[in-house]
Structures are given as C-alpha cells and as structure tokens.
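Enquirer: The following file, work-v7.cif, comprises mmCIF, C-alpha atoms:
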```cif
data_upload
loop_
_atom_site.label_atom_id
_atom_site.label_comp_id
_atom_site.auth_asym_id
_atom_site.auth_seq_id
_atom_site.Cartn_x
_atom_site.Cartn_y
_atom_site.Cartn_z
CA MET A 1 0.24 -24.58 -18.01
CA ASN A 2 -1.94 -23.47 -15.13
CA ASP A 3 -1.09 -24.41 -11.57
CA LYS A 4 -3.46 -26.83 -9.94
CA VAL A 5 -4.75 -26.79 -6.39
CA ILE A 6 -6.88 -29.24 -4.49
CA MET A 7 -10.10 -27.80 -3.15
CA ILE A 8 -12.37 -29.41 -0.55
CA SER A 9 -16.11 -28.83 -0.63
CA PRO A 10 -18.18 -28.21 2.51
CA ASP A 11 -19.29 -31.84 2.13
CA GLY A 12 -15.73 -33.12 2.02
CA GLU A 13 -15.46 -33.72 -1.73
CA ALA A 14 -11.90 -33.16 -3.01
CA ARG A 15 -11.32 -31.82 -6.50
CA GLU A 16 -8.15 -30.77 -8.30
CA VAL A 17 -8.83 -27.56 -10.21
CA ASP A 18 -6.98 -24.90 -12.17
CA ALA A 19 -5.69 -22.17 -9.89
CA SER A 20 -7.32 -19.43 -11.93
CA PRO A 21 -9.69 -16.90 -10.39
CA ASP A 22 -12.44 -17.86 -12.83
CA VAL A 23 -12.42 -21.34 -11.34
CA LEU A 24 -11.44 -20.62 -7.74
CA VAL A 25 -13.64 -17.66 -6.84
CA PRO A 26 -17.02 -19.35 -7.45
CA LEU A 27 -15.85 -22.36 -5.42
CA MET A 28 -14.51 -20.22 -2.58
CA ILE A 29 -17.78 -18.31 -2.39
CA ARG A 30 -19.66 -21.61 -2.11
CA GLY A 31 -17.62 -22.69 0.89
CA TRP A 32 -14.86 -24.72 -0.75
CA GLN A 33 -11.47 -24.47 0.91
CA GLN A 34 -7.96 -25.28 -0.20
CA LYS A 35 -6.64 -28.58 1.05
CA GLN A 36 -3.85 -27.80 3.46
CA GLU A 37 -0.43 -29.22 2.78
CA GLU A 38 0.15 -32.25 4.96
CA VAL A 39 3.13 -32.00 7.26
CA THR A 40 5.00 -35.29 7.38
CA PRO A 41 5.80 -36.05 11.00
CA ASP A 42 9.45 -36.65 11.86
CA VAL A 43 9.39 -40.31 12.86
CA ARG A 44 13.14 -40.68 13.29
CA SER A 45 14.46 -41.77 16.61
CA THR A 46 15.77 -38.97 18.74
CA ASP A 47 19.10 -40.82 18.62
CA ALA A 48 19.24 -40.69 14.81
CA GLY A 49 22.49 -39.17 13.67
CA ASN A 50 24.15 -39.69 17.02
CA SER A 51 27.79 -40.25 16.13
CA ASP A 52 28.29 -42.57 19.11
CA LEU A 53 25.67 -44.94 17.73
CA LEU A 54 27.13 -44.79 14.25
CA ARG A 55 30.58 -45.70 15.47
CA MET B 1 20.69 8.68 27.50
CA SER B 2 19.77 9.92 24.06
CA VAL B 3 16.35 10.98 22.87
CA ALA B 4 14.49 8.30 20.98
CA ARG B 5 13.08 9.48 17.68
CA MET B 6 10.15 7.95 15.86
CA GLN B 7 12.28 7.12 12.82
CA GLU B 8 13.74 4.32 14.92
CA ILE B 9 10.46 2.46 15.22
CA LEU B 10 10.56 -1.07 13.82
CA ILE B 11 7.37 -2.90 13.07
CA CYS B 12 7.18 -6.60 12.49
CA PHE B 13 4.06 -8.66 12.13
CA GLY B 14 2.77 -12.04 11.09
CA LYS B 15 2.83 -12.71 7.38
CA GLY B 16 1.59 -16.15 8.31
CA LYS B 17 -1.49 -16.54 10.44
CA GLN B 18 -1.46 -17.51 14.11
CA THR B 19 -2.66 -21.01 14.92
CA ASP B 20 -5.33 -19.44 17.13
CA ILE B 21 -6.11 -16.03 18.62
CA ALA B 22 -3.99 -16.53 21.75
CA THR B 23 -0.89 -18.15 20.24
CA PRO B 24 1.59 -15.60 18.89
CA ASN B 25 3.37 -15.90 15.58
CA THR B 26 6.85 -17.39 15.70
CA VAL B 27 9.66 -15.35 14.15
CA GLY B 28 9.75 -17.59 11.08
CA THR B 29 6.22 -16.55 10.17
CA MET B 30 6.85 -12.81 10.61
CA TRP B 31 8.27 -10.04 8.47
CA GLN B 32 9.46 -6.50 8.92
CA LEU B 33 7.98 -3.87 6.65
CA ARG B 34 8.30 -0.12 6.79
CA LYS B 35 5.43 2.31 7.22
CA LEU B 36 4.58 5.98 6.81
CA ASN B 37 2.61 6.85 9.95
CA ALA B 38 4.07 7.48 13.38
CA GLY B 39 1.06 6.21 15.33
CA LEU B 40 1.63 3.33 17.73
CA ALA B 41 -0.57 0.38 18.61
CA ASN B 42 -0.66 1.21 22.29
CA PRO B 43 -2.26 -1.40 24.54
CA LYS B 44 -4.91 0.50 26.49
CA LEU B 45 -5.91 -0.68 29.94
CA ASN B 46 -9.53 -0.16 30.96
CA THR B 47 -10.16 0.01 34.70
CA GLU B 48 -13.11 0.09 37.06
CA ASN B 49 -13.40 0.94 40.75
CA ASP B 50 -15.58 0.43 43.79
CA ALA B 51 -17.00 3.98 44.05
CA GLU B 52 -20.59 2.79 43.52
CA GLU B 53 -20.45 0.05 46.12
CA TYR B 54 -22.40 0.59 49.37
CA GLY B 55 -21.00 -0.16 52.77
CA LYS B 56 -17.91 2.02 52.60
CA GLY B 57 -19.58 5.03 54.23
CA HIS B 58 -18.70 7.39 51.35
CA GLU B 59 -19.00 7.71 47.61
CA PHE B 60 -15.31 7.64 46.79
CA ALA B 61 -13.29 4.84 45.29
CA THR B 62 -11.03 2.89 47.59
CA GLN B 63 -9.87 0.30 45.09
CA SER B 64 -9.44 0.10 41.34
CA PHE B 65 -9.36 -3.02 39.19
CA GLN B 66 -7.94 -3.93 35.80
CA THR B 67 -10.95 -4.67 33.61
CA SER B 68 -9.78 -5.30 30.07
CA TRP B 69 -7.22 -4.44 27.42
CA ASP B 70 -7.68 -2.85 24.00
CA VAL B 71 -5.22 -2.71 21.14
CA THR B 72 -5.84 -0.83 17.91
CA GLY B 73 -3.42 0.19 15.20
CA THR B 74 -3.10 1.68 11.76
CA LEU B 75 -0.57 1.00 9.04
CA GLU B 76 -0.10 3.56 6.32
CA LYS B 77 2.16 2.44 3.50
CA TYR B 78 3.06 2.95 -0.08
CA LEU B 79 1.19 0.19 -1.86
CA SER B 80 3.37 -2.78 -2.76
CA ALA B 81 2.73 -6.27 -4.03
CA GLU B 82 3.66 -7.64 -0.62
CA ILE B 83 1.43 -5.48 1.59
CA GLY B 84 -1.32 -5.73 -1.02
CA ALA B 85 -1.27 -9.53 -0.80
CA TRP B 86 -1.16 -9.41 3.00
CA ALA B 87 -4.05 -6.92 3.29
CA MET B 88 -6.25 -8.89 0.91
CA ALA B 89 -5.53 -12.23 2.59
CA PHE B 90 -5.96 -11.04 6.18
CA GLY B 91 -8.63 -8.45 5.38
CA LEU B 92 -10.94 -10.60 3.27
CA GLY B 93 -10.14 -13.80 5.14
CA LYS B 94 -10.31 -16.64 2.65
CA VAL B 95 -7.16 -17.49 0.74
CA VAL B 96 -6.04 -20.02 -1.84
CA LYS B 97 -2.29 -20.09 -2.44
CA SER B 98 -0.85 -21.35 -5.69
CA GLY B 99 2.39 -21.01 -7.62
CA THR B 100 5.98 -21.22 -6.52
CA THR B 101 8.82 -18.78 -6.12
CA PRO B 102 9.11 -16.18 -7.60
CA ASN B 103 5.42 -16.14 -8.40
CA PHE B 104 3.20 -17.01 -5.48
CA THR B 105 -0.41 -16.21 -6.20
CA TYR B 106 -2.97 -15.53 -3.49
CA THR B 107 -6.59 -15.63 -4.55
CA CYS B 108 -8.65 -14.00 -1.82
CA THR B 109 -12.37 -13.66 -1.16
CA PRO B 110 -14.45 -12.69 1.86
CA LEU B 111 -15.54 -15.47 4.20
CA VAL B 112 -19.15 -16.60 3.76
CA PRO B 113 -20.43 -18.04 7.05
CA ALA B 114 -23.71 -19.06 5.36
CA ASN B 115 -21.66 -21.55 3.33
CA GLY B 116 -19.73 -22.92 6.25
CA ASP B 117 -16.87 -20.43 6.55
CA SER B 118 -15.68 -19.06 9.87
CA ALA B 119 -16.89 -15.68 11.14
CA GLU B 120 -13.35 -14.99 12.37
CA LEU B 121 -10.56 -13.64 10.21
CA PRO B 122 -7.01 -14.98 10.36
CA TYR B 123 -5.08 -13.58 13.32
CA PHE B 124 -1.58 -12.14 13.39
CA SER B 125 0.86 -10.75 15.96
CA PHE B 126 2.12 -7.18 15.71
CA ILE B 127 5.45 -6.06 17.18
CA GLU B 128 6.73 -2.54 17.80
CA GLN B 129 10.33 -2.03 18.85
CA ILE B 130 12.58 0.93 19.51
CA ARG B 131 16.14 -0.06 20.46
CA PRO B 132 15.32 -3.58 21.65
CA GLY B 133 17.84 -5.14 24.00
CA ALA B 134 19.83 -3.59 26.83
CA GLY B 135 18.88 -0.01 25.96
CA VAL B 136 15.29 -0.81 25.12
CA VAL B 137 12.85 2.04 24.67
CA LEU B 138 9.92 -0.03 23.43
CA ASP B 139 9.52 -3.75 22.72
CA ARG B 140 6.07 -5.27 22.76
CA MET B 141 3.93 -7.66 20.79
CA ALA B 142 0.16 -7.48 20.40
CA VAL B 143 -1.20 -11.00 19.96
CA GLY B 144 -4.39 -11.96 18.17
CA CYS B 145 -4.84 -9.01 15.84
CA ALA B 146 -7.33 -8.97 12.97
CA VAL B 147 -7.71 -6.56 10.08
CA GLU B 148 -10.58 -4.13 10.61
CA GLY B 149 -10.31 -2.73 7.11
CA TRP B 150 -8.12 -1.54 4.29
CA THR B 151 -8.26 1.40 1.92
CA ILE B 152 -6.30 1.85 -1.28
CA ALA B 153 -6.02 5.38 -2.66
CA LEU B 154 -4.68 6.14 -6.13
CA GLY B 155 -4.00 9.59 -7.47
CA ARG B 156 -2.35 11.52 -10.25
CA GLY B 157 1.35 12.19 -10.48
CA PRO B 158 4.58 10.24 -10.47
CA GLY B 159 6.11 8.52 -7.49
CA ARG B 160 4.98 6.29 -4.68
CA ALA B 161 2.87 8.91 -2.90
CA ASN B 162 0.11 8.47 -5.46
CA SER B 163 -0.52 4.86 -4.53
CA LYS B 164 -1.06 4.20 -0.85
CA ILE B 165 -2.74 1.65 1.35
CA THR B 166 -4.04 2.12 4.87
CA VAL B 167 -4.77 -0.92 7.02
CA GLU B 168 -6.54 -0.71 10.38
CA PHE B 169 -6.44 -3.55 12.85
CA ILE B 170 -7.80 -4.49 16.24
CA GLY B 171 -6.13 -6.76 18.76
CA SER B 172 -7.48 -9.27 21.24
CA GLY B 173 -5.93 -7.21 24.04
CA LYS B 174 -3.29 -9.83 24.79
CA TYR B 175 0.25 -8.53 24.56
CA THR B 176 3.74 -9.65 25.44
CA GLU B 177 6.45 -7.32 26.75
CA PRO B 178 9.27 -7.71 25.84
CA SER B 179 8.27 -9.40 22.62
CA GLY B 180 11.08 -11.95 22.72
CA ILE B 181 11.40 -11.62 18.94
CA THR B 182 14.50 -10.58 17.02
CA VAL B 183 13.01 -8.64 14.16
CA PRO B 184 14.13 -9.98 10.77
CA ALA B 185 15.64 -7.71 8.11
CA ALA B 186 13.12 -5.52 6.33
CA THR B 187 11.45 -7.11 3.34
CA VAL B 188 12.25 -5.35 0.08
CA GLU B 189 8.90 -4.41 -1.41
CA LYS B 190 7.84 -4.12 -5.05
CA THR B 191 5.83 -0.92 -5.27
CA LEU B 192 2.61 -0.81 -7.23
CA LEU B 193 2.59 2.67 -8.70
CA SER B 194 -0.53 4.39 -9.97
CA ALA B 195 1.11 4.72 -13.37
CA SER B 196 0.70 0.94 -13.77
CA LEU B 197 -3.07 1.09 -13.30
CA ALA B 198 -5.49 -0.81 -15.51
CA LEU B 199 -9.08 0.11 -14.70
CA THR B 200 -12.39 -0.96 -16.11
CA ILE B 201 -15.61 -0.02 -14.34
CA ASN B 202 -19.05 -0.86 -15.60
CA GLY B 203 -17.82 -1.44 -19.14
CA VAL B 204 -15.62 1.64 -19.44
CA ASP B 205 -11.82 1.46 -19.71
CA TYR B 206 -10.88 4.64 -17.89
CA VAL B 207 -7.16 4.24 -18.56
CA ALA B 208 -7.61 3.78 -22.30
CA ASN B 209 -9.82 6.87 -22.24
CA LYS B 210 -7.07 8.70 -20.30
CA ASN B 211 -9.62 10.34 -18.03
CA ILE B 212 -9.24 8.76 -14.59
CA ILE B 213 -8.25 11.37 -12.00
CA SER B 214 -8.31 9.45 -8.72
CA LEU B 215 -9.74 6.33 -7.17
CA GLU B 216 -10.34 5.00 -3.70
CA THR B 217 -11.45 1.50 -2.83
CA GLY B 218 -11.74 -0.24 0.48
CA TRP B 219 -13.13 -2.95 2.68
CA LYS B 220 -14.35 -2.74 6.26
CA ASN B 221 -15.03 -5.76 8.45
CA ASN B 222 -16.78 -3.88 11.27
CA LEU B 223 -15.24 -6.21 13.82
CA LYS B 224 -17.22 -6.69 17.02
CA PRO B 225 -14.64 -6.31 19.77
CA ASP B 226 -17.17 -6.46 22.60
CA GLU B 227 -18.29 -9.92 21.43
CA GLY B 228 -14.82 -11.14 22.25
CA PHE B 229 -15.42 -10.96 26.00
CA TYR B 230 -17.55 -14.07 26.29
CA PRO B 231 -17.61 -15.99 29.57
CA GLY B 232 -14.31 -17.83 29.68
CA SER B 233 -12.51 -15.59 27.17
CA GLY B 234 -9.46 -15.43 29.45
CA PHE B 235 -7.12 -12.96 31.12
CA GLN B 236 -4.00 -11.05 30.20
CA ALA B 237 -1.98 -13.32 32.49
CA SER B 238 -3.35 -16.82 32.21
CA GLY B 239 -5.17 -17.80 35.39
CA ASP B 240 -4.76 -14.33 36.96
CA ALA B 241 -8.23 -12.80 37.32
CA THR B 242 -6.72 -9.46 38.41
CA SER B 243 -4.79 -8.94 35.17
CA GLY B 244 -7.73 -7.81 32.99
CA ALA B 245 -9.86 -9.73 30.51
CA ILE B 246 -8.82 -10.32 26.91
CA ARG B 247 -10.88 -11.30 23.92
CA GLY B 248 -11.21 -14.93 22.92
CA ARG B 249 -12.48 -14.12 19.43
CA LEU B 250 -12.97 -11.20 17.04
CA LEU B 251 -16.08 -11.76 14.96
CA PHE B 252 -16.66 -9.65 11.89
CA GLY B 253 -19.90 -7.71 11.65
CA ASN B 254 -21.73 -6.37 8.61
CA ARG B 255 -18.97 -5.93 6.07
CA GLN B 256 -18.85 -3.07 3.60
CA GLY B 257 -17.00 -2.53 0.36
CA THR B 258 -16.36 0.92 -1.08
CA LEU B 259 -15.35 2.15 -4.50
CA ARG B 260 -15.38 5.75 -5.61
CA PHE B 261 -13.56 7.52 -8.35
CA VAL B 262 -13.19 10.84 -10.13
CA ALA B 263 -12.90 10.92 -13.91
CA GLY B 264 -12.93 13.51 -16.63
CA PHE B 265 -16.48 14.22 -17.84
CA GLU B 266 -16.75 14.81 -21.54
CA ASN B 267 -18.92 14.23 -24.57
CA GLY B 268 -19.97 10.59 -24.53
CA SER B 269 -19.32 10.03 -20.82
CA THR B 270 -21.83 7.51 -19.54
CA GLU B 271 -21.74 7.92 -15.77
CA LEU B 272 -24.96 9.92 -15.43
CA THR B 273 -26.78 7.65 -17.88
CA LYS B 274 -25.68 4.58 -15.97
CA LEU B 275 -26.69 6.14 -12.68
CA LYS B 276 -30.22 6.76 -13.96
CA ALA B 277 -30.48 3.29 -15.52
CA GLN B 278 -28.81 1.65 -12.50
CA THR B 279 -26.68 -0.30 -14.93
CA THR B 280 -24.55 -2.95 -13.26
CA GLY B 281 -21.19 -4.38 -14.25
CA THR B 282 -17.84 -5.43 -12.85
CA ALA B 283 -15.09 -3.10 -11.67
CA THR B 284 -11.54 -4.36 -12.11
CA ILE B 285 -8.56 -2.53 -10.64
CA THR B 286 -5.13 -3.90 -11.53
CA LEU B 287 -1.74 -2.58 -10.47
CA THR B 288 1.43 -4.22 -11.73
CA TYR B 289 5.11 -4.12 -10.83
CA ASP B 290 6.11 -6.96 -13.15
CA THR B 291 4.86 -10.38 -14.24
CA ASN B 292 5.40 -11.82 -10.77
CA ASN B 293 4.20 -8.91 -8.64
CA SER B 294 0.76 -7.42 -9.02
CA LEU B 295 -2.60 -6.86 -7.40
CA ALA B 296 -5.96 -7.24 -9.13
CA ILE B 297 -9.16 -6.41 -7.26
CA THR B 298 -12.50 -7.24 -8.85
CA TRP B 299 -15.78 -5.89 -7.56
CA GLN B 300 -18.05 -8.48 -9.08
CA LYS B 301 -21.11 -6.30 -9.55
CA VAL B 302 -21.39 -2.56 -9.04
CA ALA B 303 -24.00 0.06 -9.73
CA PHE B 304 -23.45 3.78 -9.45
CA SER B 305 -25.10 5.17 -6.32
CA ALA B 306 -24.08 8.77 -6.95
CA ALA B 307 -22.53 10.71 -9.82
CA GLU B 308 -21.89 14.41 -9.49
CA VAL B 309 -20.37 16.68 -12.11
CA GLY B 310 -17.83 19.13 -10.78
CA GLU B 311 -14.32 20.26 -11.55
CA THR B 312 -10.77 19.28 -10.73
CA ASP B 313 -8.08 21.88 -11.42
CA GLY B 314 -10.33 23.55 -13.98
CA ILE B 315 -11.26 20.35 -15.80
CA VAL B 316 -14.86 19.16 -15.81
CA THR B 317 -15.01 15.91 -13.88
CA VAL B 318 -17.54 13.48 -12.52
CA SER B 319 -17.26 12.06 -9.01
CA VAL B 320 -18.84 8.63 -8.82
CA ASP B 321 -19.74 6.47 -5.82
CA CYS B 322 -20.25 2.80 -6.58
CA LEU B 323 -22.40 0.34 -4.70
CA PRO B 324 -20.68 -3.05 -4.51
CA MET B 325 -23.36 -5.73 -4.85
CA TRP B 326 -23.50 -9.49 -4.41
CA ASP B 327 -23.11 -11.52 -7.57
CA ALA B 328 -24.71 -14.96 -7.35
CA THR B 329 -21.66 -16.69 -8.84
CA ASN B 330 -18.66 -14.68 -7.70
CA GLY B 331 -19.78 -12.97 -4.52
CA VAL B 332 -18.98 -9.33 -3.82
CA VAL B 333 -15.22 -8.97 -4.29
CA SER B 334 -12.14 -11.02 -5.07
CA ALA B 335 -8.47 -10.20 -5.21
CA VAL B 336 -5.59 -11.91 -6.94
CA ALA B 337 -2.26 -10.89 -5.45
CA LYS B 338 1.08 -12.02 -6.81
CA CYS B 339 4.41 -11.65 -5.04
CA ASN B 340 7.56 -13.54 -4.18
CA ILE B 341 6.66 -14.12 -0.54
CA ASP B 342 5.60 -17.57 0.55
CA GLY B 343 3.19 -18.33 3.36
CA ILE B 344 1.00 -15.24 3.50
CA ALA B 345 -1.96 -16.06 5.76
CA GLN B 346 -0.96 -19.73 5.63
#
```
As structure tokens - that is how I would like this structure written.

Expert:
Amino acid sequence: MNDKVIMISPDGEAREVDASPDVLVPLMIRGWQQKQEEVTPDVRSTDAGNSDLLR
Amino acid sequence: MSVARMQEILICFGKGKQTDIATPNTVGTMWQLRKLNAGLANPKLNTENDAEEYGKGHEFATQSFQTSWDVTGTLEKYLSAEIGAWAMAFGLGKVVKSGTTPNFTYTCTPLVPANGDSAELPYFSFIEQIRPGAGVVLDRMAVGCAVEGWTIALGRGPGRANSKITVEFIGSGKYTEPSGITVPAATVEKTLLSASLALTINGVDYVANKNIISLETGWKNNLKPDEGFYPGSGFQASGDATSGAIRGRLLFGNRQGTLRFVAGFENGSTELTKLKAQTTGTATITLTYDTNNSLAITWQKVAFSAAEVGETDGIVTVSVDCLPMWDATNGVVSAVAKCNIDGIAQ
C-alpha cells in the first residue's frame, strides 16, 4: 500500500494523495506544498510532575 | 603543542533546515558526515578604507572598516543515499517527505516562484572543528548557508571512487565562533556505487546495452549573493554597525541542469540520429544500495545538444551533452531519495 501525504494547493485546498512521484511531482511543480506536521503544544502546568504536589 | 593535521577535521551541518537564514541549526537537527576534500569554508572579511576621502591632506588610508563577510565551501564525497537525499532536498529546494523508518522517501523538485514558491532555498548551518574544547584549533559555525550546486560523477571500475558527489554552498556571512555545538557521532552512510546504476536516456537503456562509460549530472542555482545585502540585512554582531554586513537572503538566479555521458558507439547507436532529429525523451538515473536506500534522478525532457564520436581506451565512443528542458507536466527535474534518516530539510 502506498504512503499518503496531504498536499496543500496555492489556493489552500488540501488533498490526500499517494506519495508516489507520478502523483507528487506534477503537484509540486504547480505550487502545491506538503502540509506540515502540526506540533501539539505542551499545555501542562509547569508544576506537572512535581513530587511535592503529588504527595 | 602538536601539529594539527587535516585528517582531524570534523564537519557537521544541518540535515534539517534552519527556521530562517539567521537562526542556526540546533544540534538535534545536525549530523556529522565525512568528506574527501581538505578545503575549508573560511569566513572571509571584506574591508574598505578612507583613502579616497578628501580633507585628510594626503591620499593614504588612515582608517579601515569591516564591510561584509563571505563564506563559501565545497563538499566532495563518495555518493551515498544520505548525502544524495540531502543534496537533492537542499539543492532543488522543494521537498515532500513520506514513509517511516527505515524507509524515508524524499521527493524533491526545484522551486517554481511563478507558482507561488519561494525564491530562497532552505538554509543550513555548517560547522568545522579541529580539536574542539580546551585545546581547540578550529571551531566555527557558518549560519545561513544554501546549496549553490551539486554534481554527481559516475565512472567505470569497482569501489566508491567511481561514484562521487560534489556540493558547493554559499553562506550568509554570519558565523559563530566557537560553534557551541558538540558534534554528534558520524552518520554511517549507505554508498551508492556505480555498479548499481540503472540508466535510461531518450529511450535507450545504456546499462542493458552494457555500453555506458561515464556520466556526469548536476544542478546549479546561480545564487545571487550580492542581492543579500539589502537595506536592513543586518550585521555580523547584531546592532553593531562596525562588525560588517551579512546577507539577509540568498536568492537563486537562473538555474541550470546538466547531463552529459560517454557511451560505446556501435552499429545501431542512435545518438547522432537523435541529435539531428532533436528527439526528446526522459533521462532516468537510478543508484541503489538496497530497497530502503537509493537515489533516482529524472530529467523530465532532454534533447541532445552535442554528440561527438571519439575513443576511450581504444574503444569507439560517443560523448553526448544533453539539454534539460521544461516539461509542461513534470517540470525540469525531480529526484526521489530514500534513506533511513528522518527530517532532511524538514
């Protein structure tokens, strides 16, 4: 099974496509870019895991 | 004190891209690779003086000033899946990463500003060290480097020497000394030997025909370093106007692809016919270490611009220059690089 990647068009359209050069290269040439992996922010309190608080 | 020898030189550079031209890679996004050439990426200071100013009473300089900094470097290496992926990603500029360990796949194409892409390539930091630490000989990091071009040369014979890559790069001029980086252990590379070559050019399988002698292919970005000194581009030491200007961008110029090869010329060879007819077709160059480590470069449309019959070691050969052309669907060139390294140009 082919890997899939999400590509974003210059207009903002998102499309999941096969990660094969036959599919990717024409899109890349037309200005599509890979959607970047989203980094989940660490929303824990800075005190999380503090053993004094857990006691 | 003992003499420092060039075999001690460690190089380490960004496998991941910098967030911007002025922000260096962090150690987690860098790797150490080995190289073949002894040349260093010396930061070069350009200066000016006040000799031409009137009012001093003479024509001699009384002061000199730091004007700007230049950094250029060259990497010569045996071609491997790792450096191949890095050179394609940073040299062409546009990358889609897919796959997971041990098979990351990087599909790379040139940037197309007409379709909304940047005119700047991804930037990386480049470190050179000799005995870093208390007995340091050299420890510096050039920040904001971009690939000027790469060349892959394949030849006859066994061993790694018949498959090499040369990468040239230019820096923004910004550098840090000491680098502050502890260089990670050298990455073990998977070499892409010329014996693994698969090659089809303009409809001819030169490996199946057993008549390819040598091949050279490359890409040049023709970076415009002088365009980097725009008003406000910044100084070597932030806020210090006496420390010399650095570049705030490295735009690529008119890019050029090259492909030339030498093959045996025999009955039925079509190179001269295709030159006269200006026949066009794809050129696909594939080198493989194993299923998970390979490099495939496709020139999407080439015509022969020159074909000259000569000889190589007493064998009649034809030396062919190809003209890489723009294909309406697939552009000029693409590369698919597989290796077990995550995060290249990411």

Enquirer: Give as a PyMOL selection string every residue of chain B that touches chain A within 9 Å, counting all atoms listed in the file.

Expert: chain B and resi 94-99+105+107-117+328-331+334-336+346

Enquirer: Kindly give the distance, in Å, that separates CA of Val137 in chain B and CA of Leu40 in chain B, rounded to a single decimal.

Expert: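 Separation of CA of Val137 in chain B and CA of Leu40 in chain B: 13.3 Å.
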
Enquirer: Run the PyMOL selection byres ((chain B and resi 67) around 10) on the file and write out the hits as a list in words.

Expert: Leu45, Asn46, Thr47, Glu48, Asn49, Ser64, Phe65, Gln66, Ser68, Trp69, Phe235, Ala241, Thr242, Ser243, Gly244, Ala245 and Ile246 of chain B

Enquirer: I'd like the neighbourhood of Thr270 in chain B as a ChimeraX atom specification, where a residue qualifies if any of its atoms comes within 12 Å (using all atoms listed in the file), though same-chain residues fewer than 6 positions away should be ignored.

Expert: /B:201-206,263-264,276-279,304,307,309,318,320

Enquirer: Using only C-alpha atoms, which residue out of B:Val3, B:Met325, B:Ile152, B:Val71 lies closest to Gly84 in chain B?

Expert: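 Using only C-alpha atoms, Gly84 in chain B sits closest to B:Ile152.
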
Enquirer: Mind giving me the straight-line distance from CA of Glu168 in chain B to CA of Leu75 in chain B in Å, one decimal?

Expert: 6.4 Å

Enquirer: Could you state the separation of CA of Val147 in chain B and CA of Ser238 in chain B in Å, given to one decimal place?

Expert: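 Atom-to-atom, CA of Val147 in chain B and CA of Ser238 in chain B are spaced 24.8 Å apart.
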
Enquirer: Can you pull out the residues contacting Leu199 in chain B? Cut-off 9 Å, using only C-alpha atoms, and skip same-chain residues under 3 positions away; I want them as a list of chain:residue names.

Expert: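 Within the cut-off, the hits are B:Val204, B:Asp205, B:Tyr206, B:Val207, B:Ala208, B:Ile212, B:Ala283, B:Thr284, B:Ile285, B:Thr286, B:Leu287.
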
Enquirer: If I wrap all listed atoms of range 105-112 of chain B in a box with edges along x, y and z and add 8 Å on each side, what are its centre and edge lengths in Å to one decimal, as AutoDock Vina command-line options?

Expert:
```
--center_x -9.8 --center_y -14.6 --center_z -1.0 --size_x 34.7 --size_y 19.9 --size_z 26.4
```

Enquirer: Kindly indicate which residue among B:Ile297, B:Ala81, B:Ala119, B:Met88 lies nearest to Ile341 in chain B, using only C-alpha atoms for the distances.

Expert: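 Checking each of B:Ile297, B:Ala81, B:Ala119, B:Met88 against Ile341 in chain B, counting only C-alpha atoms, the winner is B:Ala81.
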
Enquirer: Could you list, as a list in words, every residue matched by the PyMOL selection byres ((chain B and resi 154-164) around 9) in this structure?

Expert: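 Applying the expression gives Glu76, Lys77, Tyr78, Leu79, Ser80, Thr151, Ile152, Ala153, Ile165, Thr166, Thr191, Leu192, Leu193, Ser194, Ala195, Leu197, Ile212, Ile213, Ser214, Leu215, Glu216 and Thr217 of chain B.
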
Enquirer: With only C-alpha atoms as the counted atoms, please give the residues lying no more than 8 Å from Asp50 in chain B, apart from itself and same-chain residues fewer than 4 positions off, as a PDB file with C-alpha atoms, in the coordinates of the input.

Expert:
```pdb
ATOM      1  CA  PHE B  60     -15.310   7.640  46.790  1.00  0.00           C
ATOM      2  CA  ALA B  61     -13.290   4.840  45.290  1.00  0.00           C
ATOM      3  CA  THR B  62     -11.030   2.890  47.590  1.00  0.00           C
ATOM      4  CA  GLN B  63      -9.870   0.300  45.090  1.00  0.00           C
ATOM      5  CA  SER B  64      -9.440   0.100  41.340  1.00  0.00           C
TER       6      SER B  64
END
```

Enquirer: Hey, which of B:Leu323, B:Cys145, B:Leu272, B:Leu92 ends up closest to Arg260 in chain B? Count only C-alpha atoms.

Expert: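 Under the stated criterion, the closest residue is B:Leu323.
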
Enquirer: Quick one: residues within 12 Å of Gly173 in chain B, all atoms listed in the file, excluding same-chain residues fewer than 2 positions away - as number ranges by chain?

Expert: B: 21-22, 41-46, 67-73, 125-126, 141-146, 169-171, 175-176, 225-226, 228-229, 233-237, 243-250

Enquirer: So that I can see what lies close to range 181-190 of chain B, please list as a PyMOL selection string the residues with an atom at most 10 Å from it, counting all atoms listed in the file and leaving out residues fewer than 5 positions away in the same chain.

Expert: chain B and resi 10-13+25-28+30-34+78-83+127-129+132-133+139-141+288-290+292-294+339-341

Enquirer: With distances taken over all atoms listed in the file, which of B:Leu138, B:Val302, B:Met6, B:Leu36 is nearest to Gly180 in chain B?

Expert: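 Answer, going by the shortest atom-to-atom distance: B:Leu138.
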